[in-house]
file run.cif (mmCIF, C-alpha atoms)
data_final
#
loop_
_atom_site.label_atom_id
_atom_site.label_comp_id
_atom_site.auth_asym_id
_atom_site.auth_seq_id
_atom_site.Cartn_x
_atom_site.Cartn_y
_atom_site.Cartn_z
CA MET A 22 6.35 -40.43 19.90
CA PHE A 23 8.16 -37.12 19.91
CA GLU A 24 6.29 -34.12 21.10
CA LYS A 25 5.77 -31.50 18.45
CA THR A 26 7.40 -28.11 18.93
CA ASP A 27 5.39 -24.92 19.31
CA GLU A 28 6.40 -23.86 15.82
CA GLN A 29 5.19 -27.11 14.29
CA LEU A 30 1.86 -26.86 16.10
CA ILE A 31 1.49 -23.21 15.06
CA ALA A 32 2.16 -24.07 11.43
CA LYS A 33 -0.46 -26.82 11.52
CA ALA A 34 -2.97 -24.64 13.35
CA LEU A 35 -2.51 -21.98 10.70
CA GLN A 36 -3.38 -24.57 8.10
CA GLY A 37 -6.67 -25.10 9.91
CA ASN A 38 -5.68 -28.13 11.97
CA LYS A 39 -7.92 -27.84 15.01
CA GLN A 40 -6.21 -30.62 16.93
CA ALA A 41 -2.84 -28.91 16.60
CA TRP A 42 -4.32 -25.71 17.98
CA LEU A 43 -5.92 -27.57 20.89
CA ASN A 44 -2.61 -29.26 21.68
CA LEU A 45 -0.86 -25.90 21.69
CA LEU A 46 -3.62 -24.45 23.85
CA LYS A 47 -3.41 -27.30 26.36
CA ARG A 48 0.32 -26.79 26.59
CA TYR A 49 -0.09 -23.21 27.84
CA GLU A 50 -3.59 -23.00 29.29
CA LYS A 51 -2.46 -23.75 32.82
CA GLN A 52 0.11 -20.96 32.78
CA ILE A 53 -2.37 -18.49 31.32
CA TYR A 54 -5.15 -19.55 33.66
CA ASN A 55 -2.95 -19.15 36.73
CA TYR A 56 -1.71 -15.82 35.33
CA GLY A 57 -5.36 -14.79 35.10
CA MET A 58 -6.01 -16.00 38.62
CA ARG A 59 -3.19 -13.93 40.03
CA MET A 60 -4.07 -10.88 37.95
CA THR A 61 -7.82 -10.90 38.53
CA GLY A 62 -8.18 -12.85 41.76
CA LYS A 63 -11.36 -14.50 40.51
CA ASN A 64 -11.87 -17.86 38.96
CA GLU A 65 -14.56 -16.62 36.54
CA ASP A 66 -12.51 -13.63 35.49
CA ALA A 67 -9.45 -15.83 35.05
CA LEU A 68 -11.43 -18.12 32.77
CA ASP A 69 -12.84 -15.19 30.78
CA LEU A 70 -9.40 -13.64 30.47
CA MET A 71 -7.90 -16.97 29.41
CA GLN A 72 -10.52 -17.34 26.70
CA GLU A 73 -9.91 -13.81 25.46
CA VAL A 74 -6.17 -14.36 25.46
CA PHE A 75 -6.39 -17.55 23.44
CA ILE A 76 -8.87 -16.05 20.98
CA SER A 77 -6.52 -13.13 20.52
CA VAL A 78 -3.51 -15.43 20.21
CA PHE A 79 -5.28 -17.50 17.58
CA ARG A 80 -6.35 -14.44 15.60
CA ASN A 81 -2.80 -13.12 15.62
CA LEU A 82 -1.11 -16.46 15.14
CA SER A 83 -0.20 -15.65 11.56
CA THR A 84 1.75 -12.59 12.75
CA PHE A 85 3.99 -14.65 15.03
CA ARG A 86 7.39 -14.48 13.36
CA ASN A 87 9.35 -16.93 15.51
CA GLU A 88 11.38 -14.02 16.81
CA GLY A 89 11.73 -14.96 20.45
CA SER A 90 9.76 -17.64 22.20
CA PHE A 91 6.10 -18.28 21.64
CA LYS A 92 5.55 -18.14 25.40
CA SER A 93 7.02 -14.66 25.59
CA TRP A 94 4.89 -13.51 22.64
CA MET A 95 1.80 -15.05 24.18
CA PHE A 96 2.38 -13.37 27.54
CA ARG A 97 2.77 -10.07 25.77
CA ILE A 98 -0.71 -10.54 24.31
CA ALA A 99 -1.95 -11.71 27.70
CA HIS A 100 -0.64 -8.52 29.29
CA PHE A 101 -2.50 -6.26 26.86
CA ARG A 102 -5.65 -8.39 27.08
CA CYS A 103 -5.44 -8.11 30.84
CA ILE A 104 -5.20 -4.31 30.68
CA GLU A 105 -8.22 -4.22 28.38
CA PHE A 106 -10.05 -6.59 30.69
CA TYR A 107 -9.42 -4.24 33.61
CA ARG A 108 -10.42 -1.18 31.65
CA ARG A 109 -13.69 -2.84 30.79
CA LYS A 110 -14.32 -4.03 34.31
CA LYS A 111 -13.15 -0.93 36.08
CA PRO A 112 -13.11 1.93 33.55
CA MET A 113 -12.55 4.61 36.17
CA GLN A 114 -9.46 2.97 37.61
CA GLY A 115 -6.04 3.95 36.24
CA LEU A 116 -3.17 1.51 35.79
CA ASP A 117 -1.25 3.07 38.65
CA ASP A 118 -4.22 3.52 40.94
CA THR A 119 -4.40 1.37 44.04
CA PRO A 120 -7.51 -0.73 43.59
CA GLU A 121 -10.40 -0.36 45.95
CA ILE A 122 -10.79 -3.92 47.05
CA GLU A 123 -14.28 -5.03 47.74
CA SER A 124 -14.56 -7.50 50.57
CA ALA A 125 -16.25 -9.84 48.14
CA GLU A 126 -13.13 -9.91 45.97
CA ILE A 127 -10.84 -10.94 48.81
CA SER A 128 -13.27 -13.54 49.98
CA ALA A 129 -13.53 -14.71 46.38
CA ALA A 130 -9.89 -15.68 46.53
CA ASP A 131 -10.71 -17.82 49.52
CA SER A 132 -13.39 -19.64 47.66
CA ILE A 133 -10.95 -20.72 45.01
CA HIS A 134 -9.69 -24.21 45.26
CA THR A 135 -6.17 -23.20 46.18
CA GLY A 136 -3.69 -23.75 48.95
CA GLN A 137 -3.34 -21.38 51.86
CA GLU A 138 -0.13 -19.84 50.56
CA ASN A 139 -1.65 -19.31 47.18
CA LYS A 140 -4.59 -17.53 48.74
CA GLN A 141 -2.40 -15.15 50.68
CA LEU A 142 -0.32 -14.42 47.67
CA ILE A 143 -3.27 -13.83 45.36
CA SER A 144 -5.04 -11.76 47.96
CA ALA A 145 -1.96 -9.56 48.49
CA MET A 146 -1.48 -9.12 44.75
CA GLN A 147 -5.05 -7.96 44.27
CA GLN A 148 -4.27 -4.93 46.39
CA LEU A 149 -1.55 -3.70 44.06
CA PRO A 150 -2.19 -1.30 41.18
CA LEU A 151 -2.38 -3.14 37.86
CA ALA A 152 0.91 -1.67 36.59
CA GLN A 153 2.81 -3.00 39.63
CA LYS A 154 0.91 -6.27 39.69
CA ALA A 155 1.89 -6.96 36.07
CA VAL A 156 5.60 -6.50 36.85
CA VAL A 157 5.38 -8.68 39.98
CA GLU A 158 3.57 -11.37 38.01
CA LEU A 159 6.08 -11.39 35.16
CA LYS A 160 9.09 -11.21 37.48
CA PHE A 161 8.17 -13.82 40.05
CA PHE A 162 5.90 -16.17 38.19
CA GLY A 163 6.93 -15.63 34.58
CA GLN A 164 10.63 -15.63 35.55
CA PHE A 165 11.28 -12.90 32.97
CA THR A 166 14.20 -10.50 33.19
CA PHE A 167 13.59 -6.77 33.44
CA ASP A 168 14.52 -6.37 29.80
CA GLU A 169 11.99 -9.00 28.80
CA ILE A 170 9.37 -7.38 31.02
CA SER A 171 10.18 -4.09 29.37
CA GLU A 172 9.58 -5.64 25.92
CA GLN A 173 6.36 -7.29 26.96
CA THR A 174 4.76 -4.36 28.69
CA GLY A 175 6.17 -1.54 26.59
CA ILE A 176 7.85 0.26 29.50
CA SER A 177 11.56 0.83 30.12
CA ALA A 178 13.59 -1.60 32.21
CA ASN A 179 14.17 1.12 34.79
CA THR A 180 10.44 1.76 35.09
CA ALA A 181 9.93 -1.97 35.56
CA LYS A 182 12.50 -1.94 38.38
CA SER A 183 10.84 1.04 40.01
CA ARG A 184 7.44 -0.62 39.78
CA LEU A 185 8.76 -3.81 41.33
CA TYR A 186 10.44 -1.82 44.09
CA GLY A 187 7.23 0.08 44.76
CA ALA A 188 5.19 -3.13 44.65
CA LEU A 189 7.46 -4.82 47.17
CA GLU A 190 7.03 -1.92 49.57
CA LYS A 191 3.29 -2.48 49.49
CA LEU A 192 3.59 -6.27 49.58
CA LYS A 193 5.85 -6.01 52.60
CA ILE A 194 3.06 -4.32 54.53
CA LEU A 195 0.37 -6.61 53.15
CA MET A 196 2.31 -9.76 53.88
CA GLU A 197 3.11 -8.56 57.38
CA VAL A 198 -0.59 -8.07 57.94
CA ASP A 199 -1.37 -11.46 56.50
CA TYR A 200 1.24 -13.24 58.55
CA ALA A 201 0.40 -11.36 61.70
CA MET B 21 21.67 -6.07 27.83
CA PRO B 22 21.76 -6.72 31.54
CA LYS B 23 25.48 -7.39 31.63
CA HIS B 24 26.21 -4.20 29.78
CA GLU B 25 23.93 -2.36 32.12
CA SER B 26 25.80 -3.77 35.07
CA GLN B 27 29.11 -2.82 33.54
CA LEU B 28 27.80 0.59 32.71
CA TYR B 29 26.73 1.22 36.25
CA GLY B 30 30.04 -0.16 37.49
CA ALA B 31 32.08 1.96 35.15
CA THR B 32 30.29 5.27 35.19
CA MET B 33 28.69 5.50 38.59
CA ASP B 34 30.23 5.97 41.90
CA LYS B 35 29.21 3.54 44.56
CA SER B 36 26.88 6.05 46.19
CA ASP B 37 25.36 7.04 42.82
CA LEU B 38 23.44 3.80 42.52
CA SER B 39 19.91 4.36 43.72
CA ASN B 40 18.19 1.80 45.86
CA GLU B 41 16.01 0.78 42.92
CA GLN B 42 18.95 0.33 40.55
CA LEU B 43 20.98 -1.58 43.09
CA PHE B 44 17.98 -3.69 43.93
CA GLY B 45 17.30 -4.33 40.26
CA LEU B 46 20.84 -5.51 39.66
CA TRP B 47 20.71 -7.75 42.70
CA ALA B 48 17.34 -9.20 41.73
CA GLU B 49 18.80 -10.34 38.42
CA GLN B 50 22.08 -11.46 39.98
CA GLN B 51 24.12 -9.01 38.00
CA LEU B 52 26.05 -7.34 40.76
CA ASN B 53 29.80 -7.13 40.32
CA GLU B 54 32.10 -7.39 43.33
CA GLN B 55 32.18 -3.70 43.96
CA GLN B 56 28.42 -3.40 43.67
CA ARG B 57 27.98 -6.40 45.92
CA ASP B 58 29.94 -4.59 48.62
CA VAL B 59 27.76 -1.55 48.17
CA PHE B 60 24.67 -3.74 48.29
CA GLU B 61 25.71 -5.42 51.52
CA GLN B 62 26.63 -2.11 53.07
CA ARG B 63 23.28 -0.64 51.98
CA CYS B 64 21.46 -3.55 53.63
CA LEU B 65 23.26 -2.83 56.86
CA ASP B 66 22.79 0.94 56.70
CA ASP B 67 19.30 1.18 55.26
CA GLN B 68 16.64 -0.73 57.17
CA ALA B 69 13.97 -0.06 54.59
CA PHE B 70 16.21 -1.36 51.81
CA ALA B 71 17.00 -4.47 53.85
CA LYS B 72 13.30 -5.01 54.37
CA GLN B 73 12.73 -4.74 50.63
CA VAL B 74 15.31 -7.42 50.01
CA GLU B 75 13.71 -9.59 52.62
CA THR B 76 10.28 -9.11 51.07
CA PHE B 77 11.67 -9.98 47.67
CA ASN B 78 13.17 -13.18 49.03
CA MET B 79 10.00 -14.06 50.82
CA PHE B 80 7.81 -13.39 47.83
CA SER B 81 10.23 -15.19 45.58
CA MET B 82 10.08 -18.22 47.84
CA GLN B 83 6.31 -18.12 47.95
CA SER B 84 6.11 -17.87 44.21
CA GLU B 85 8.38 -20.90 43.92
CA HIS B 86 6.05 -22.84 46.16
CA TYR B 87 3.04 -21.57 44.35
CA GLN B 88 0.97 -24.52 43.31
CA SER B 89 -0.59 -23.91 40.00
CA ASP B 90 -4.28 -24.62 39.94
CA GLU B 91 -5.66 -27.05 37.48
CA VAL B 92 -7.65 -25.46 34.72
CA PRO B 93 -11.37 -26.06 35.13
CA SER B 94 -13.15 -27.58 32.21
CA TRP B 95 -13.85 -24.93 29.59
CA ASP B 96 -14.84 -24.67 25.98
CA ARG B 97 -11.45 -24.82 24.31
CA ALA B 98 -12.90 -25.23 20.86
CA SER B 99 -14.57 -21.82 21.12
CA THR B 100 -11.19 -20.21 20.57
CA PHE B 101 -10.98 -22.02 17.24
CA GLU B 102 -14.48 -21.10 16.11
CA THR B 103 -13.52 -17.58 15.22
CA SER B 104 -11.13 -18.98 12.71
CA GLU B 105 -13.62 -20.76 10.48
CA LYS B 106 -12.12 -21.38 7.14
CA ALA B 107 -12.19 -18.03 5.49
CA HIS B 108 -14.03 -17.63 2.23
CA TRP B 109 -11.89 -17.22 -0.80
CA TRP B 110 -12.61 -13.51 -0.95
CA GLN B 111 -11.39 -13.18 2.64
CA TRP B 112 -8.13 -14.88 1.82
CA GLN B 113 -5.35 -12.97 3.52
CA GLY B 114 -3.10 -13.13 0.53
CA LEU B 115 -5.69 -11.36 -1.62
CA PRO B 116 -4.43 -7.82 -0.91
CA SER B 117 -0.87 -8.94 -1.60
CA LEU B 118 -1.94 -10.67 -4.79
CA SER B 119 -3.89 -7.61 -5.80
CA PHE B 120 -0.90 -5.41 -5.17
CA ALA B 121 1.41 -7.77 -7.05
CA THR B 122 -0.87 -7.93 -10.08
CA SER B 123 -1.25 -4.15 -10.05
CA MET B 124 2.50 -3.77 -10.00
CA LEU B 125 2.79 -6.32 -12.81
CA ALA B 126 0.25 -4.39 -14.83
CA ILE B 127 2.16 -1.15 -14.26
CA VAL B 128 5.42 -2.80 -15.28
CA MET B 129 3.76 -4.27 -18.37
CA VAL B 130 2.39 -0.88 -19.34
CA LEU B 131 5.68 0.90 -18.69
CA THR B 132 7.80 -1.61 -20.53
CA GLY B 133 5.27 -2.20 -23.28
CA LEU B 134 5.31 -5.94 -22.78
CA GLN B 135 3.42 -7.79 -25.47
CA VAL B 136 2.36 -11.38 -25.38
CA ARG B 137 1.42 -12.75 -28.76
CA THR B 138 0.37 -16.12 -29.98
CA ASP B 139 1.11 -16.77 -33.62
CA ASP B 140 0.61 -20.16 -35.18
CA GLY B 141 0.43 -21.88 -31.81
CA ALA B 142 3.62 -20.24 -30.57
CA MET B 143 3.52 -17.72 -27.77
CA THR B 144 5.87 -14.79 -28.02
CA ILE B 145 6.60 -12.43 -25.18
CA SER B 146 8.23 -9.28 -26.42
CA PHE B 147 8.91 -5.75 -25.30
CA ALA B 148 8.33 -2.68 -27.40
CA GLY B 149 11.54 -1.53 -29.06
CA LYS B 150 13.06 -4.94 -28.67
CA ARG B 151 11.47 -6.68 -31.61
CA SER B 152 13.44 -9.27 -33.42
CA GLU B 153 15.04 -8.37 -36.78
CA GLN B 154 12.88 -10.87 -38.56
CA GLU B 155 9.77 -9.39 -37.10
CA ILE B 156 10.84 -5.90 -38.07
CA ASP B 157 11.60 -6.99 -41.63
CA LYS B 158 8.27 -8.72 -41.86
CA LEU B 159 6.50 -5.72 -40.48
CA VAL B 160 8.34 -3.37 -42.85
CA ASP B 161 7.49 -5.59 -45.83
CA VAL B 162 3.85 -5.67 -44.89
CA LYS B 163 3.79 -1.93 -44.41
CA LEU B 164 5.60 -1.36 -47.72
CA ALA B 165 3.21 -3.64 -49.59
CA GLU B 166 0.29 -1.82 -48.06
CA PHE B 167 1.84 1.50 -48.99
CA GLN B 168 2.54 0.35 -52.54
CA LYS B 169 -0.98 -0.89 -52.97
CA THR B 170 -2.40 2.34 -51.69
CA GLN B 171 -0.12 4.37 -53.90
CA GLN B 172 -1.00 2.32 -56.98
CA LEU B 173 -4.66 2.72 -56.31
CA ALA B 174 -4.24 6.45 -55.83
CA LEU B 175 -2.21 6.70 -59.06
CA THR B 176 -4.83 4.78 -61.05
CA ASN B 177 -7.54 6.98 -59.68
CA TYR B 178 -5.49 10.06 -60.51
CA THR B 179 -4.84 8.91 -64.06
CA GLN B 180 -8.46 8.12 -64.64
CA THR B 181 -9.49 11.48 -63.28
CA MET B 182 -6.91 13.21 -65.45
CA GLN B 183 -8.10 11.37 -68.55
CA GLN B 184 -11.67 12.21 -67.86
CA GLN B 185 -10.78 15.79 -67.23
CA GLN B 186 -8.75 16.05 -70.42
CA MET B 187 -11.55 14.51 -72.45
CA ASN B 188 -14.00 16.95 -71.02
CA THR B 189 -11.68 19.81 -71.74
CA SER B 190 -11.15 18.66 -75.36
CA THR B 191 -14.87 18.31 -75.92
CA GLN B 192 -15.49 21.74 -74.53
CA LEU B 193 -12.72 23.22 -76.70
CA THR B 194 -14.04 21.57 -79.85
CA GLN B 195 -17.52 22.74 -79.11
CA TYR B 196 -16.22 26.19 -78.50
CA LEU B 197 -14.20 26.26 -81.68
CA LEU B 198 -17.07 24.97 -83.75
CA GLY B 199 -19.45 27.45 -82.23
CA ALA B 200 -17.02 30.30 -82.65
CA SER B 201 -16.33 29.57 -86.36
CA ARG B 202 -20.04 29.26 -87.07
CA LYS B 203 -20.69 32.56 -85.48
CA GLU B 204 -17.85 34.20 -87.37
CA ARG B 205 -19.06 32.83 -90.67
CA ARG B 206 -22.54 34.01 -89.92
CA GLU B 207 -21.24 37.44 -89.15
CA ASP B 208 -19.11 37.51 -92.32
CA PHE B 209 -22.09 36.58 -94.46
CA ALA B 210 -24.20 39.15 -92.73
CA GLU B 211 -21.62 41.80 -93.46
CA LEU B 212 -21.29 40.65 -97.07
CA ILE B 213 -25.02 40.77 -97.57
CA LYS B 214 -25.09 44.15 -95.93
CA TYR B 215 -22.33 45.32 -98.24
CA VAL B 216 -24.04 43.92 -101.30
CA ASN B 217 -27.29 45.52 -100.24
CA GLU B 218 -25.51 48.83 -99.74
CA GLN B 219 -23.90 48.51 -103.15
CA ARG B 220 -27.23 47.75 -104.72
CA GLY B 221 -28.74 50.74 -102.89
CA ASP B 222 -25.96 52.97 -104.26
CA ASP B 223 -26.45 51.58 -107.79
CA GLN B 224 -30.15 52.18 -107.62
CA LEU B 225 -29.51 55.70 -106.44
CA PHE B 226 -27.06 56.18 -109.37
CA TYR B 227 -29.59 54.88 -111.85
CA VAL B 228 -32.24 57.08 -110.38
CA ARG B 229 -30.03 60.09 -110.81
CA GLN B 230 -29.13 59.04 -114.37
CA LEU B 231 -32.77 58.59 -115.23
CA ASN B 232 -33.62 61.88 -113.66
CA GLN B 233 -30.87 63.54 -115.64
CA LEU B 234 -32.12 61.90 -118.75
CA GLN B 235 -35.64 62.96 -118.02
CA GLN B 236 -34.53 66.50 -117.47
CA ASP B 237 -32.56 66.43 -120.71
CA ILE B 238 -35.56 65.12 -122.59
CA TYR B 239 -37.81 67.72 -121.16
CA ALA B 240 -35.26 70.42 -121.85
CA LYS B 241 -34.59 69.55 -125.54
CA PRO B 242 -37.63 67.69 -126.75
CA ASP B 243 -37.01 68.71 -130.39
CA LEU B 244 -33.93 66.89 -130.57
CA LEU B 245 -35.58 63.92 -129.45
CA GLY B 246 -38.77 64.19 -131.63
CA THR B 247 -37.29 65.03 -135.00
CA GLY B 248 -34.88 63.54 -137.24
CA ASN B 249 -32.34 63.54 -134.87
CA ILE B 250 -33.44 60.32 -133.98
CA ASN B 251 -33.26 59.17 -137.42
CA GLU B 252 -30.02 60.80 -137.69
#
call {"tool": "encode", "arguments": {"input": "run.cif", "output": "structure tokens"}}
result
Amino acid sequence: MFEKTDEQLIAKALQGNKQAWLNLLKRYEKQIYNYGMRMTGKNEDALDLMQEVFISVFRNLSTFRNEGSFKSWMFRIAHFRCIEFYRRKKPMQGLDDTPEIESAEISAADSIHTGQENKQLISAMQQLPLAQKAVVELKFFGQFTFDEISEQTGISANTAKSRLYGALEKLKILMEVDYA
Amino acid sequence: MPKHESQLYGATMDKSDLSNEQLFGLWAEQQLNEQQRDVFEQRCLDDQAFAKQVETFNMFSMQSEHYQSDEVPSWDRASTFETSEKAHWWQWQGLPSLSFATSMLAIVMVLTGLQVRTDDGAMTISFAGKRSEQEIDKLVDVKLAEFQKTQQLALTNYTQTMQQQQMNTSTQLTQYLLGASRKERREDFAELIKYVNEQRGDDQLFYVRQLNQLQQDIYAKPDLLGTGNINE
């Protein structure tokens, strides 16, 4: 049996077909969950964020105009949900502020059922400001171009490049520490 | 577009004008042209920090490629669907649009004077000022008949009123004439009687004078009267 396209599933979900929505959700939940893991560093937060993202996606499903891919549209929502999530969790912390990592947060990454490399990577990413972390996430894991990142995050492509450049400077130090 | 950007940088910027971030950005998306590639390689040799950035990018890129996505723990997927319970009819999303459309339709109908009529089981949609000739004729006939009827009624009423008025006037005139002639006659008789009475008064006065004269004559010449004169 042929697999239904995103558009077909969206159309059915909009008609109230729960199964179609669940199929669509299952298709992308892994990507969104792992996005949440890398962005928050915590399993619980990743699950909460994933739920919020999918609720938001479902509520806005009727506004999806098939301009561009569904994945790209969904990650755009995920990005804004993530920012809101951070604002709620850490209201005093700006997007460009370097987060004050609690030891519990780094150790939380260790408790996650992930490989060693994953742990290092997630741990290093948690020490980046949210603005830089979002660009790193979209560039390396989302495989988006700078122009696509610019569309998704609402910043210019040049700003995205600068943020990635700045993020790599920090990651360089963090990774050196990790590998040392 | 990335390609355009690359060409733009290549065309308008001198080799040294490209900042580390721009050069790095172009390299990261594999959009370097030959000239820029030379600059990039030279920059890697000259600038240790830049070379380290490139190395970090490669390392991170490799790690991300080997990143093993975690399986999603069991979670309540259906909860994301709950919020979308079938909306009540009054929450239907098309309601505002429908409302707007019907409002617009109403405005158009008012502005154009659209009329929908059902006559003898047939529905007619017409616009004011665009009535059919037949309809106009029919309407004119009806209006004319109504007008004629009204006029006739008014004329009848007018005639009746006029007749009544004339009759009243005639009666009044007759009564006046009769009254006036009676009065005149009465006055004439009164004058005649007065005249006759005056004449009689005058006659009486004349006779009185005559009698007085006679009396005086008798008293003055009684002989004449007592003797033979009478016999004479």
call {"tool": "atom_distance", "arguments": {"input": "run.cif", "atom1": "CA of Arg80 (chain A)", "atom2": "CA of Ala155 (chain A)"}}
result
23.3 Å
call {"tool": "resolve_selection", "arguments": {"input": "run.cif", "expression": "the PyMOL selection byres ((chain A and resi 96-100) around 7)", "output": "number ranges by chain"}}
result
A: 74, 78, 92-95, 101-104, 173-174
call {"tool": "atom_distance", "arguments": {"input": "run.cif", "atom1": "CA of Leu70 (chain A)", "atom2": "CA of Phe106 (chain A)"}}
result
7.1 Å
call {"tool": "closest_residue", "arguments": {"input": "run.cif", "among": "B:Gln55, B:Gln50, B:Asn177, B:Thr144", "to": "chain A", "atoms": "only C-alpha atoms"}}
result
B:Gln50
call {"tool": "resolve_selection", "arguments": {"input": "run.cif", "expression": "the PyMOL selection byres ((chain A) within 7 of (chain B))", "output": "VMD selection string"}}
result
chain A and resid 39 51 54 to 55 72 75 to 76 135 139 161 to 162 166 182 to 183 186 189 to 190 193
call {"tool": "atom_distance", "arguments": {"input": "run.cif", "atom1": "CA of Tyr215 (chain B)", "atom2": "CA of Leu231 (chain B)"}}
result
24.0 Å
call {"tool": "residues_around", "arguments": {"input": "run.cif", "residues": "Glu158 (chain A)", "least_positions_apart": "4", "cutoff": "9 Å", "atoms": "all atoms listed in the file", "output": "list in words"}}
result
Tyr56, Arg59, Met60, Met146, Gln153, Lys154, Phe162, Gly163 and Gln164 of chain A
call {"tool": "closest_residue", "arguments": {"input": "run.cif", "among": "A:Thr180, A:Val157, A:Leu45, A:Asp168", "to": "Phe91 (chain A)", "atoms": "all atoms listed in the file"}}
result
A:Leu45
call {"tool": "closest_residue", "arguments": {"input": "run.cif", "among": "A:Val156, A:Thr26, A:Trp42, A:Glu172", "to": "Gly187 (chain A)", "atoms": "all atoms listed in the file"}}
result
A:Val156
call {"tool": "resolve_selection", "arguments": {"input": "run.cif", "expression": "the PyMOL selection byres ((chain A and resi 34) around 10)", "output": "JSON, numbers by chain"}}
result
{"A": [28, 29, 30, 31, 32, 33, 35, 36, 37, 38, 39, 40, 41, 42, 43, 44, 45, 79, 82, 83], "B": [101, 104]}
